[in-house]
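Text of the file run14.pdb, holding PDB, C-alpha atoms (C1' of nucleotides) and all ligand atoms:
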ATOM      1  CA  MET A   1     218.335 129.161 -99.239
ATOM      2  CA  THR A   2     218.343 129.588 -95.463
ATOM      3  CA  ILE A   3     219.859 132.844 -94.342
ATOM      4  CA  LYS A   4     223.112 132.427 -92.461
ATOM      5  CA  LEU A   5     223.826 134.732 -89.551
ATOM      6  CA  SER A   6     227.081 135.113 -87.668
ATOM      7  CA  ASN A   7     227.123 134.354 -83.983
ATOM      8  CA  THR A   8     227.679 137.685 -82.404
ATOM      9  CA  ASN A   9     227.093 138.476 -78.796
ATOM     10  CA  GLN A  10     224.802 141.376 -79.690
ATOM     11  CA  ARG A  11     222.574 139.133 -81.793
ATOM     12  CA  ARG A  12     222.448 136.485 -79.087
ATOM     13  CA  VAL A  13     221.415 138.956 -76.408
ATOM     14  CA  ILE A  14     218.829 140.673 -78.628
ATOM     15  CA  ILE A  15     216.986 137.475 -79.464
ATOM     16  CA  GLU A  16     217.347 136.196 -75.909
ATOM     17  CA  GLU A  17     215.819 139.312 -74.356
ATOM     18  CA  LEU A  18     213.059 139.480 -76.954
ATOM     19  CA  LYS A  19     212.057 135.893 -76.268
ATOM     20  CA  LYS A  20     211.719 136.682 -72.571
ATOM     21  CA  LEU A  21     209.038 139.270 -73.284
ATOM     22  CA  THR A  22     205.351 138.995 -74.133
ATOM     23  CA  SER A  23     205.015 142.751 -74.617
ATOM     24  CA  HIS A  24     205.826 142.995 -78.346
ATOM     25  CA  PRO A  25     208.374 145.768 -77.849
ATOM     26  CA  THR A  26     209.383 148.371 -80.405
ATOM     27  CA  ALA A  27     213.023 148.464 -81.526
ATOM     28  CA  ASP A  28     213.841 151.284 -79.127
ATOM     29  CA  GLU A  29     212.086 149.631 -76.190
ATOM     30  CA  LEU A  30     214.129 146.491 -76.742
ATOM     31  CA  TYR A  31     217.231 148.648 -77.158
ATOM     32  CA  GLU A  32     216.744 150.033 -73.642
ATOM     33  CA  ILE A  33     216.492 146.518 -72.251
ATOM     34  CA  VAL A  34     219.456 145.110 -74.157
ATOM     35  CA  LYS A  35     221.569 148.098 -73.123
ATOM     36  CA  GLU A  36     221.519 146.878 -69.545
ATOM     37  CA  ARG A  37     223.559 143.859 -70.622
ATOM     38  CA  LEU A  38     225.481 145.519 -73.450
ATOM     39  CA  PRO A  39     225.859 149.192 -72.538
ATOM     40  CA  LYS A  40     227.806 150.060 -75.713
ATOM     41  CA  ILE A  41     225.333 148.602 -78.196
ATOM     42  CA  SER A  42     223.815 151.068 -80.648
ATOM     43  CA  LEU A  43     220.191 151.457 -81.683
ATOM     44  CA  GLY A  44     221.155 150.822 -85.303
ATOM     45  CA  THR A  45     222.496 147.419 -84.337
ATOM     46  CA  VAL A  46     219.195 146.552 -82.716
ATOM     47  CA  TYR A  47     217.254 147.630 -85.806
ATOM     48  CA  ARG A  48     219.615 145.741 -88.118
ATOM     49  CA  ASN A  49     219.451 142.545 -86.117
ATOM     50  CA  LEU A  50     215.688 142.593 -85.659
ATOM     51  CA  GLU A  51     215.385 142.982 -89.414
ATOM     52  CA  GLN A  52     217.746 140.056 -90.086
ATOM     53  CA  LEU A  53     216.237 137.824 -87.447
ATOM     54  CA  SER A  54     212.757 138.325 -88.834
ATOM     55  CA  ALA A  55     214.007 137.766 -92.389
ATOM     56  CA  ALA A  56     215.454 134.490 -91.106
ATOM     57  CA  GLY A  57     212.123 133.587 -89.539
ATOM     58  CA  LEU A  58     213.496 133.451 -86.018
ATOM     59  CA  ILE A  59     211.263 136.262 -84.801
ATOM     60  CA  TRP A  60     208.232 138.155 -86.091
ATOM     61  CA  LYS A  61     208.121 141.734 -87.243
ATOM     62  CA  LEU A  62     204.656 143.100 -86.512
ATOM     63  CA  GLU A  63     203.819 145.832 -88.988
ATOM     64  CA  LEU A  64     200.630 146.915 -87.263
ATOM     65  CA  SER A  65     198.575 149.442 -89.150
ATOM     66  CA  GLY A  66     199.168 153.018 -88.179
ATOM     67  CA  SER A  67     201.849 152.447 -85.574
ATOM     68  CA  GLN A  68     205.526 151.903 -85.004
ATOM     69  CA  ASN A  69     206.762 148.404 -85.807
ATOM     70  CA  ARG A  70     206.871 145.893 -82.991
ATOM     71  CA  PHE A  71     208.665 142.584 -82.597
ATOM     72  CA  ASP A  72     207.556 139.215 -81.325
ATOM     73  CA  GLY A  73     209.750 136.380 -80.105
ATOM     74  CA  ASN A  74     206.861 133.967 -80.454
ATOM     75  CA  VAL A  75     206.653 132.717 -84.032
ATOM     76  CA  GLU A  76     203.786 130.304 -83.470
ATOM     77  CA  LYS A  77     200.651 131.174 -85.418
ATOM     78  CA  HIS A  78     198.575 133.654 -83.454
ATOM     79  CA  PHE A  79     196.856 137.014 -83.851
ATOM     80  CA  HIS A  80     197.130 140.331 -82.044
ATOM     81  CA  LYS A  81     194.849 142.819 -80.406
ATOM     82  CA  ARG A  82     195.836 146.436 -80.063
ATOM     83  CA  CYS A  83     194.385 148.732 -77.446
ATOM     84  CA  PRO A  84     193.144 151.894 -79.163
ATOM     85  CA  ASN A  85     193.598 153.751 -75.881
ATOM     86  CA  CYS A  86     197.163 152.979 -74.765
ATOM     87  CA  GLY A  87     198.607 151.193 -77.790
ATOM     88  CA  ALA A  88     199.434 147.950 -75.964
ATOM     89  CA  VAL A  89     199.608 144.828 -78.126
ATOM     90  CA  GLU A  90     198.366 141.510 -76.750
ATOM     91  CA  ASP A  91     198.242 137.993 -78.116
ATOM     92  CA  ILE A  92     195.031 136.313 -79.190
ATOM     93  CA  GLU A  93     195.216 132.559 -79.223
ATOM     94  CA  TYR A  94     194.863 131.166 -82.709
ATOM     95  CA  HIS A  95     192.256 128.559 -81.758
ATOM     96  CA  ALA A  96     189.751 131.283 -80.905
ATOM     97  CA  PHE A  97     189.707 132.298 -84.541
ATOM     98  CA  ALA A  98     190.720 129.049 -86.206
ATOM     99  CA  GLU A  99     187.348 128.552 -87.839
ATOM    100  CA  ALA A 100     187.261 132.103 -89.170
ATOM    101  CA  ASP A 101     190.796 131.553 -90.452
ATOM    102  CA  ARG A 102     189.650 128.462 -92.328
ATOM    103  CA  HIS A 103     186.858 130.438 -93.962
ATOM    104  CA  LEU A 104     189.204 133.241 -94.925
ATOM    105  CA  THR A 105     191.695 130.814 -96.409
ATOM    106  CA  ASN A 106     188.991 129.004 -98.324
ATOM    107  CA  ALA A 107     187.588 132.242 -99.718
ATOM    108  CA  CYS A 108     191.134 133.128-100.783
ATOM    109  CA  GLN A 109     191.400 130.042-103.007
ATOM    110  CA  ASN A 110     189.194 131.603-105.671
ATOM    111  CA  TYR A 111     191.293 134.767-105.818
ATOM    112  CA  ALA A 112     194.934 135.423-106.617
ATOM    113  CA  ILE A 113     195.570 136.060-102.943
ATOM    114  CA  GLU A 114     198.616 134.714-101.162
ATOM    115  CA  GLY A 115     197.721 135.479 -97.609
ATOM    116  CA  TYR A 116     196.213 137.978 -95.246
ATOM    117  CA  THR A 117     196.967 140.097 -92.232
ATOM    118  CA  LEU A 118     194.408 140.267 -89.481
ATOM    119  CA  GLU A 119     194.549 142.365 -86.371
ATOM    120  CA  PHE A 120     192.000 143.155 -83.707
ATOM    121  CA  ARG A 121     191.148 146.286 -81.785
ATOM    122  CA  GLY A 122     189.947 146.362 -78.206
ATOM    123  CA  LEU A 123     190.584 147.935 -74.822
ATOM    124  CA  CYS A 124     193.238 146.144 -72.806
ATOM    125  CA  TYR A 125     192.579 145.109 -69.211
ATOM    126  CA  CYS A 126     194.091 148.287 -67.764
ATOM    127  CA  CYS A 127     192.139 150.603 -70.033
ATOM    128  CA  GLN A 128     188.865 148.765 -69.408
ATOM    129  CA  SER A 129     189.055 149.420 -65.668
ATOM    130  CA  SER A 130     189.612 153.168 -65.652
TER     131      SER A 130
ATOM    132  CA  MET B 131     178.370 165.313 -82.452
ATOM    133  CA  THR B 132     178.946 165.526 -86.208
ATOM    134  CA  ILE B 133     182.109 167.301 -87.149
ATOM    135  CA  LYS B 134     181.501 170.583 -88.958
ATOM    136  CA  LEU B 135     183.853 171.558 -91.737
ATOM    137  CA  SER B 136     184.036 174.909 -93.533
ATOM    138  CA  ASN B 137     183.356 174.973 -97.228
ATOM    139  CA  THR B 138     186.688 175.812 -98.700
ATOM    140  CA  ASN B 139     187.576 175.389-102.300
ATOM    141  CA  GLN B 140     190.634 173.309-101.389
ATOM    142  CA  ARG B 141     188.547 170.855 -99.389
ATOM    143  CA  ARG B 142     185.968 170.577-102.157
ATOM    144  CA  VAL B 143     188.576 169.820-104.814
ATOM    145  CA  ILE B 144     190.456 167.323-102.609
ATOM    146  CA  ILE B 145     187.397 165.196-101.908
ATOM    147  CA  GLU B 146     186.170 165.551-105.479
ATOM    148  CA  GLU B 147     189.433 164.327-106.978
ATOM    149  CA  LEU B 148     189.776 161.523-104.452
ATOM    150  CA  LYS B 149     186.309 160.239-105.249
ATOM    151  CA  LYS B 150     187.213 160.058-108.937
ATOM    152  CA  LEU B 151     190.007 157.591-108.222
ATOM    153  CA  THR B 152     190.035 153.879-107.479
ATOM    154  CA  SER B 153     193.788 153.846-106.907
ATOM    155  CA  HIS B 154     193.869 154.572-103.150
ATOM    156  CA  PRO B 155     196.430 157.358-103.507
ATOM    157  CA  THR B 156     198.876 158.509-100.870
ATOM    158  CA  ALA B 157     198.629 162.124 -99.655
ATOM    159  CA  ASP B 158     201.426 163.222-101.946
ATOM    160  CA  GLU B 159     199.996 161.412-104.956
ATOM    161  CA  LEU B 160     196.679 163.186-104.462
ATOM    162  CA  TYR B 161     198.561 166.439-103.908
ATOM    163  CA  GLU B 162     200.069 166.138-107.393
ATOM    164  CA  ILE B 163     196.618 165.637-108.891
ATOM    165  CA  VAL B 164     194.921 168.420-106.957
ATOM    166  CA  LYS B 165     197.747 170.793-107.866
ATOM    167  CA  GLU B 166     196.614 170.732-111.480
ATOM    168  CA  ARG B 167     193.416 172.494-110.426
ATOM    169  CA  LEU B 168     194.840 174.486-107.521
ATOM    170  CA  PRO B 169     198.504 175.182-108.326
ATOM    171  CA  LYS B 170     199.124 177.127-105.090
ATOM    172  CA  ILE B 171     197.816 174.470-102.707
ATOM    173  CA  SER B 172     200.330 173.091-100.225
ATOM    174  CA  LEU B 173     201.007 169.481 -99.246
ATOM    175  CA  GLY B 174     200.188 170.314 -95.632
ATOM    176  CA  THR B 175     196.703 171.382 -96.666
ATOM    177  CA  VAL B 176     196.168 168.054 -98.385
ATOM    178  CA  TYR B 177     197.327 166.131 -95.303
ATOM    179  CA  ARG B 178     195.197 168.255 -92.976
ATOM    180  CA  ASN B 179     192.068 167.892 -95.059
ATOM    181  CA  LEU B 180     192.441 164.163 -95.614
ATOM    182  CA  GLU B 181     192.752 163.790 -91.864
ATOM    183  CA  GLN B 182     189.641 165.887 -91.204
ATOM    184  CA  LEU B 183     187.603 164.259 -93.945
ATOM    185  CA  SER B 184     188.346 160.788 -92.623
ATOM    186  CA  ALA B 185     187.606 161.891 -89.057
ATOM    187  CA  ALA B 186     184.254 163.091 -90.394
ATOM    188  CA  GLY B 187     183.671 159.736 -92.061
ATOM    189  CA  LEU B 188     183.502 161.200 -95.559
ATOM    190  CA  ILE B 189     186.529 159.227 -96.752
ATOM    191  CA  TRP B 190     188.639 156.341 -95.483
ATOM    192  CA  LYS B 191     192.187 156.510 -94.236
ATOM    193  CA  LEU B 192     193.864 153.198 -95.025
ATOM    194  CA  GLU B 193     196.594 152.521 -92.508
ATOM    195  CA  LEU B 194     198.001 149.487 -94.261
ATOM    196  CA  SER B 195     200.643 147.609 -92.366
ATOM    197  CA  GLY B 196     204.178 148.517 -93.266
ATOM    198  CA  SER B 197     203.436 151.196 -95.824
ATOM    199  CA  GLN B 198     202.599 154.843 -96.304
ATOM    200  CA  ASN B 199     198.992 155.756 -95.543
ATOM    201  CA  ARG B 200     196.536 155.737 -98.432
ATOM    202  CA  PHE B 201     193.104 157.239 -98.848
ATOM    203  CA  ASP B 202     189.874 155.876-100.243
ATOM    204  CA  GLY B 203     186.896 157.875-101.477
ATOM    205  CA  ASN B 204     184.738 154.769-101.261
ATOM    206  CA  VAL B 205     183.428 154.364 -97.719
ATOM    207  CA  GLU B 206     181.289 151.298 -98.413
ATOM    208  CA  LYS B 207     182.397 148.198 -96.535
ATOM    209  CA  HIS B 208     185.098 146.401 -98.491
ATOM    210  CA  PHE B 209     188.576 144.972 -98.053
ATOM    211  CA  HIS B 210     191.893 145.579 -99.764
ATOM    212  CA  LYS B 211     194.609 143.566-101.390
ATOM    213  CA  ARG B 212     198.145 144.865-101.590
ATOM    214  CA  CYS B 213     200.608 143.692-104.203
ATOM    215  CA  PRO B 214     203.824 142.678-102.450
ATOM    216  CA  ASN B 215     205.707 143.394-105.671
ATOM    217  CA  CYS B 216     204.643 146.903-106.715
ATOM    218  CA  GLY B 217     202.655 148.093-103.698
ATOM    219  CA  ALA B 218     199.414 148.702-105.582
ATOM    220  CA  VAL B 219     196.241 148.548-103.493
ATOM    221  CA  GLU B 220     193.085 147.061-104.987
ATOM    222  CA  ASP B 221     189.546 146.608-103.721
ATOM    223  CA  ILE B 222     188.146 143.237-102.780
ATOM    224  CA  GLU B 223     184.395 143.097-102.839
ATOM    225  CA  TYR B 224     182.965 142.512 -99.397
ATOM    226  CA  HIS B 225     180.620 139.737-100.501
ATOM    227  CA  ALA B 226     183.570 137.504-101.382
ATOM    228  CA  PHE B 227     184.499 137.412 -97.707
ATOM    229  CA  ALA B 228     181.126 138.082 -96.100
ATOM    230  CA  GLU B 229     180.900 134.632 -94.578
ATOM    231  CA  ALA B 230     184.412 134.810 -93.162
ATOM    232  CA  ASP B 231     183.516 138.240 -91.791
ATOM    233  CA  ARG B 232     180.489 136.785 -90.024
ATOM    234  CA  HIS B 233     182.664 134.123 -88.427
ATOM    235  CA  LEU B 234     185.231 136.676 -87.313
ATOM    236  CA  THR B 235     182.559 138.890 -85.826
ATOM    237  CA  ASN B 236     180.950 135.987 -84.010
ATOM    238  CA  ALA B 237     184.269 134.852 -82.596
ATOM    239  CA  CYS B 238     184.800 138.432 -81.412
ATOM    240  CA  GLN B 239     181.648 138.374 -79.283
ATOM    241  CA  ASN B 240     183.312 136.263 -76.618
ATOM    242  CA  TYR B 241     186.263 138.631 -76.329
ATOM    243  CA  ALA B 242     186.570 142.293 -75.432
ATOM    244  CA  ILE B 243     187.251 143.095 -79.068
ATOM    245  CA  GLU B 244     185.704 146.072 -80.801
ATOM    246  CA  GLY B 245     186.635 145.337 -84.362
ATOM    247  CA  TYR B 246     189.297 144.104 -86.686
ATOM    248  CA  THR B 247     191.429 145.109 -89.610
ATOM    249  CA  LEU B 248     191.888 142.637 -92.418
ATOM    250  CA  GLU B 249     194.050 143.045 -95.461
ATOM    251  CA  PHE B 250     195.124 140.655 -98.155
ATOM    252  CA  ARG B 251     198.354 140.133-100.020
ATOM    253  CA  GLY B 252     198.606 139.054-103.638
ATOM    254  CA  LEU B 253     200.199 139.916-106.962
ATOM    255  CA  CYS B 254     198.225 142.465-108.961
ATOM    256  CA  TYR B 255     197.341 141.830-112.586
ATOM    257  CA  CYS B 256     200.401 143.654-113.914
ATOM    258  CA  CYS B 257     202.836 141.841-111.647
ATOM    259  CA  GLN B 258     201.308 138.438-112.419
ATOM    260  CA  SER B 259     202.025 138.805-116.121
ATOM    261  CA  SER B 260     205.690 139.689-116.003
TER     262      SER B 260
ATOM    263  C1'  DT C 261     246.637 127.352 -86.992
ATOM    264  C1'  DT C 262     246.444 131.427 -89.521
ATOM    265  C1'  DA C 263     245.628 134.898 -92.932
ATOM    266  C1'  DA C 264     242.376 136.537 -96.203
ATOM    267  C1'  DA C 265     237.453 137.249 -96.900
ATOM    268  C1'  DA C 266     233.006 138.082 -95.099
ATOM    269  C1'  DA C 267     229.980 139.811 -91.885
ATOM    270  C1'  DG C 268     228.855 142.773 -88.180
ATOM    271  C1'  DT C 269     229.368 146.934 -85.120
ATOM    272  C1'  DG C 270     228.930 151.764 -83.247
ATOM    273  C1'  DA C 271     228.633 156.353 -84.271
ATOM    274  C1'  DT C 272     226.442 159.365 -86.831
ATOM    275  C1'  DA C 273     224.214 161.333 -90.916
ATOM    276  C1'  DA C 274     220.435 161.051 -94.059
ATOM    277  C1'  DT C 275     215.800 160.049 -95.445
ATOM    278  C1'  DG C 276     210.904 160.199 -95.752
ATOM    279  C1'  DA C 277     206.377 160.566 -93.977
ATOM    280  C1'  DT C 278     203.811 163.194 -91.138
ATOM    281  C1'  DT C 279     202.706 166.902 -87.824
ATOM    282  C1'  DA C 280     203.336 171.554 -85.828
ATOM    283  C1'  DT C 281     203.751 176.583 -86.205
ATOM    284  C1'  DT C 282     202.339 181.004 -87.620
ATOM    285  C1'  DA C 283     200.975 185.165 -89.974
ATOM    286  C1'  DA C 284     197.733 186.159 -93.350
ATOM    287  C1'  DA C 285     193.410 185.015 -95.798
ATOM    288  C1'  DT C 286     188.864 183.119 -95.958
ATOM    289  C1'  DT C 287     184.585 181.598 -94.079
ATOM    290  C1'  DT C 288     181.134 181.616 -90.611
ATOM    291  C1'  DT C 289     178.384 183.703 -87.171
ATOM    292  C1'  DA C 290     175.128 186.763 -85.364
TER     293       DA C 290
ATOM    294  C1'  DT D 291     178.897 193.865 -91.766
ATOM    295  C1'  DA D 292     182.120 193.402 -88.126
ATOM    296  C1'  DA D 293     183.969 190.216 -84.855
ATOM    297  C1'  DA D 294     185.018 185.368 -84.122
ATOM    298  C1'  DA D 295     186.333 181.062 -85.890
ATOM    299  C1'  DT D 296     188.456 178.393 -89.217
ATOM    300  C1'  DT D 297     191.599 177.508 -92.835
ATOM    301  C1'  DT D 298     195.547 178.276 -95.682
ATOM    302  C1'  DA D 299     200.515 178.375 -97.520
ATOM    303  C1'  DA D 300     204.986 178.191 -96.344
ATOM    304  C1'  DT D 301     208.092 176.314 -93.636
ATOM    305  C1'  DA D 302     210.206 174.146 -89.628
ATOM    306  C1'  DA D 303     210.200 170.304 -86.605
ATOM    307  C1'  DT D 304     209.606 165.515 -85.324
ATOM    308  C1'  DC D 305     210.072 160.707 -85.321
ATOM    309  C1'  DA D 306     210.944 156.124 -87.022
ATOM    310  C1'  DT D 307     213.877 153.955 -89.846
ATOM    311  C1'  DT D 308     217.721 153.259 -93.076
ATOM    312  C1'  DA D 309     222.329 154.338 -94.926
ATOM    313  C1'  DT D 310     227.253 155.193 -94.501
ATOM    314  C1'  DC D 311     231.734 154.070 -93.125
ATOM    315  C1'  DA D 312     235.989 153.149 -90.588
ATOM    316  C1'  DC D 313     236.933 149.687 -87.560
ATOM    317  C1'  DT D 314     236.333 145.054 -85.211
ATOM    318  C1'  DT D 315     234.842 140.378 -84.976
ATOM    319  C1'  DT D 316     233.676 136.120 -87.031
ATOM    320  C1'  DT D 317     234.047 132.754 -90.572
ATOM    321  C1'  DT D 318     236.370 130.240 -94.099
ATOM    322  C1'  DA D 319     239.624 127.324 -96.037
ATOM    323  C1'  DA D 320     244.499 126.475 -96.995
TER     324       DA D 320
HETATM  325 MN    MN E   1     202.416 137.854 -80.177
HETATM  326 MN    MN E   2     188.993 150.683-101.570
HETATM  327 ZN    ZN E   3     195.120 149.969 -73.064
HETATM  328 ZN    ZN E   4     201.870 144.657-108.519
END
In structure tokens, what does this structure look like?
Amino acid sequence: MTIKLSNTNQRRVIIEELKKLTSHPTADELYEIVKERLPKISLGTVYRNLEQLSAAGLIWKLELSGSQNRFDGNVEKHFHKRCPNCGAVEDIEYHAFAEADRHLTNACQNYAIEGYTLEFRGLCYCCQSS
Amino acid sequence: MTIKLSNTNQRRVIIEELKKLTSHPTADELYEIVKERLPKISLGTVYRNLEQLSAAGLIWKLELSGSQNRFDGNVEKHFHKRCPNCGAVEDIEYHAFAEADRHLTNACQNYAIEGYTLEFRGLCYCCQSS
DNA sequence: TTAAAAAGTGATAATGATTATTAAATTTTA
DNA sequence: TAAAATTTAATAATCATTATCACTTTTTAA
């Protein structure tokens, strides 16, 4: 049942560059970065691979509400905070909200709910000091 | 500071029809409904008014992750569940998750977080029985 | 090892949701 | 009631994403 992916150079570079970043880039932001190593790569290839890699569980596709999709090389359980001013997306350590998560999951038991998506809003460091 | 909106017939009908529904329609779905009363109305007018009405706090704009925006005539505090199979959006009564909400809000205090967005995933009634 | 089959690529076109533009109409202001 | 402000309908433009397709690369399995 595991998805099988060919070993192409493009795929290798895409996942490698994504995993270097903590910025949760959009497909086109990552495209610009990958292009430095693979100048002939096309944006469609980046989109296609990000889609496949997230389907395979190797990366995360962040479908944040009301914004362009972003991608995350860190697949450990954690949440995100988006800055309403500049749009930056930052990690929030899971442990900070672990208890709330337990309560949410428990409340879910009584309903036909499979899971939830939770995202926070708050000014990033840059936008706080300006 | 309150936003002032002119009293146009289009605006009146849009909000009136939205408030009749519990289906959280998209702009184009509501457009089809409103068109029965105002056949000459344009889709752009529906988009513009939904935007203004939600900016004024008279309705809710639901920016659900990874899907077209939907609109809600019910501005009381509540959450939503989206069916991963058919895309339907249903209400979840706030009280069911009030305790979890308290925990989330408390955890937020220690961080520069202004608020959060929470949405659930689960098969709707139709999709469960098929 | 090699040839057929499968998967992936790059270039580009197409799609779909939303926003912008603009002249004309309506509503508000005073 | 006339000028100012807002809104409308029609339409064009934008922007993110997906689809298409001829060609190349990778995988499979004899
Ligand atoms: Mn992250
Ligand atoms: Mn609702
Ligand atoms: Zn910021
Ligand atoms: Zn369903």
Report task. Would you give me, as an MDAnalysis selection string, the residues of chain D that come within 9 Å of chain A, using all atoms listed in the file? Result -> chainID D and resid 306:308 315:317
Please return as a tab-separated table (two decimals) with C-alpha atoms, keeping the file's coordinate frame the residues found within 7 Å of ligand MN 1 (chain E), counting all atoms listed in the file.
chain	number	residue	atom	x	y	z
A	22	THR	CA	205.35	139.00	-74.13
A	24	HIS	CA	205.83	143.00	-78.35
A	72	ASP	CA	207.56	139.22	-81.32
A	74	ASN	CA	206.86	133.97	-80.45
A	78	HIS	CA	198.58	133.65	-83.45
A	79	PHE	CA	196.86	137.01	-83.85
A	80	HIS	CA	197.13	140.33	-82.04
A	90	GLU	CA	198.37	141.51	-76.75
A	91	ASP	CA	198.24	137.99	-78.12
Query raised in the report: Expressed in Å to a single decimal, how great is the separation between CA of Tyr255 (chain B) and CA of Cys108 (chain A)?
Result: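 Computed distance, CA of Tyr255 (chain B) to CA of Cys108 (chain A), equals 15.9 Å.
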Query raised in the report: Using only C-alpha atoms and all ligand atoms, which of A:Ala112, A:Val13, A:Ala100, A:Ile41 sits nearest ligand ZN 4 (chain E)?
Result: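 Using only C-alpha atoms and all ligand atoms, ligand ZN 4 (chain E) sits closest to A:Ala112.
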**Report entry** Within 12 Å of ligand MN 2 (chain E) (all atoms listed in the file), residues as a PyMOL selection string
**Finding:** chain B and resi 148-149+151-155+189-194+200-212+218-224+249
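Listed by chain and then residue number, the contacts of ligand ZN 3 (chain E) are Arg82, Cys83, Pro84, Asn85, Cys86, Gly87, Ala88, Val89, Glu90, Gly122, Leu123, Cys124, Tyr125, Cys126, Cys127, Gln128, Ser129 and Ser130 of chain A (distance at most 10 Å, using only C-alpha atoms (C1' of nucleotides) and all ligand atoms).
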**Report entry** Residues returned when the PyMOL selection byres (((chain C and resi 273) around 8) and not hetatm) runs on this file, as JSON, numbers by chain
**Finding:** {"C": [272, 274], "D": [310]}
Requested in this report: Can you turn the PyMOL selection byres (((chain D and resi 298) around 9) and not hetatm) into a concrete residue list for this file, as a PyMOL selection string?
Outcome: (chain B and resi 171-172+175) or (chain C and resi 284-286) or (chain D and resi 297+299)
Sorted by chain and rising residue number, which residues of chain C lie within 10 Å of chain A, and what are their closest atom pairs and distances in Å to one decimal, counting only C-alpha atoms (C1' of nucleotides), as CSV?
residue,atom,partner,partner_atom,distance
C:DA266,C1',A:Ser6,CA,10.0
C:DA267,C1',A:Ser6,CA,6.9
C:DG268,C1',A:Thr8,CA,7.8
C:DT269,C1',A:Thr45,CA,6.9
C:DG270,C1',A:Ser42,CA,5.8
C:DA271,C1',A:Ser42,CA,8.0
Store the residues of this selection in a file with C-alpha atoms (C1' of nucleotides), as a PDB file, keeping the file's coordinate frame.
ATOM      1  C1'  DA C 266     233.006 138.082 -95.099  1.00  0.00           C
ATOM      2  C1'  DA C 267     229.980 139.811 -91.885  1.00  0.00           C
ATOM      3  C1'  DG C 268     228.855 142.773 -88.180  1.00  0.00           C
ATOM      4  C1'  DT C 269     229.368 146.934 -85.120  1.00  0.00           C
ATOM      5  C1'  DG C 270     228.930 151.764 -83.247  1.00  0.00           C
ATOM      6  C1'  DA C 271     228.633 156.353 -84.271  1.00  0.00           C
TER       7       DA C 271
END
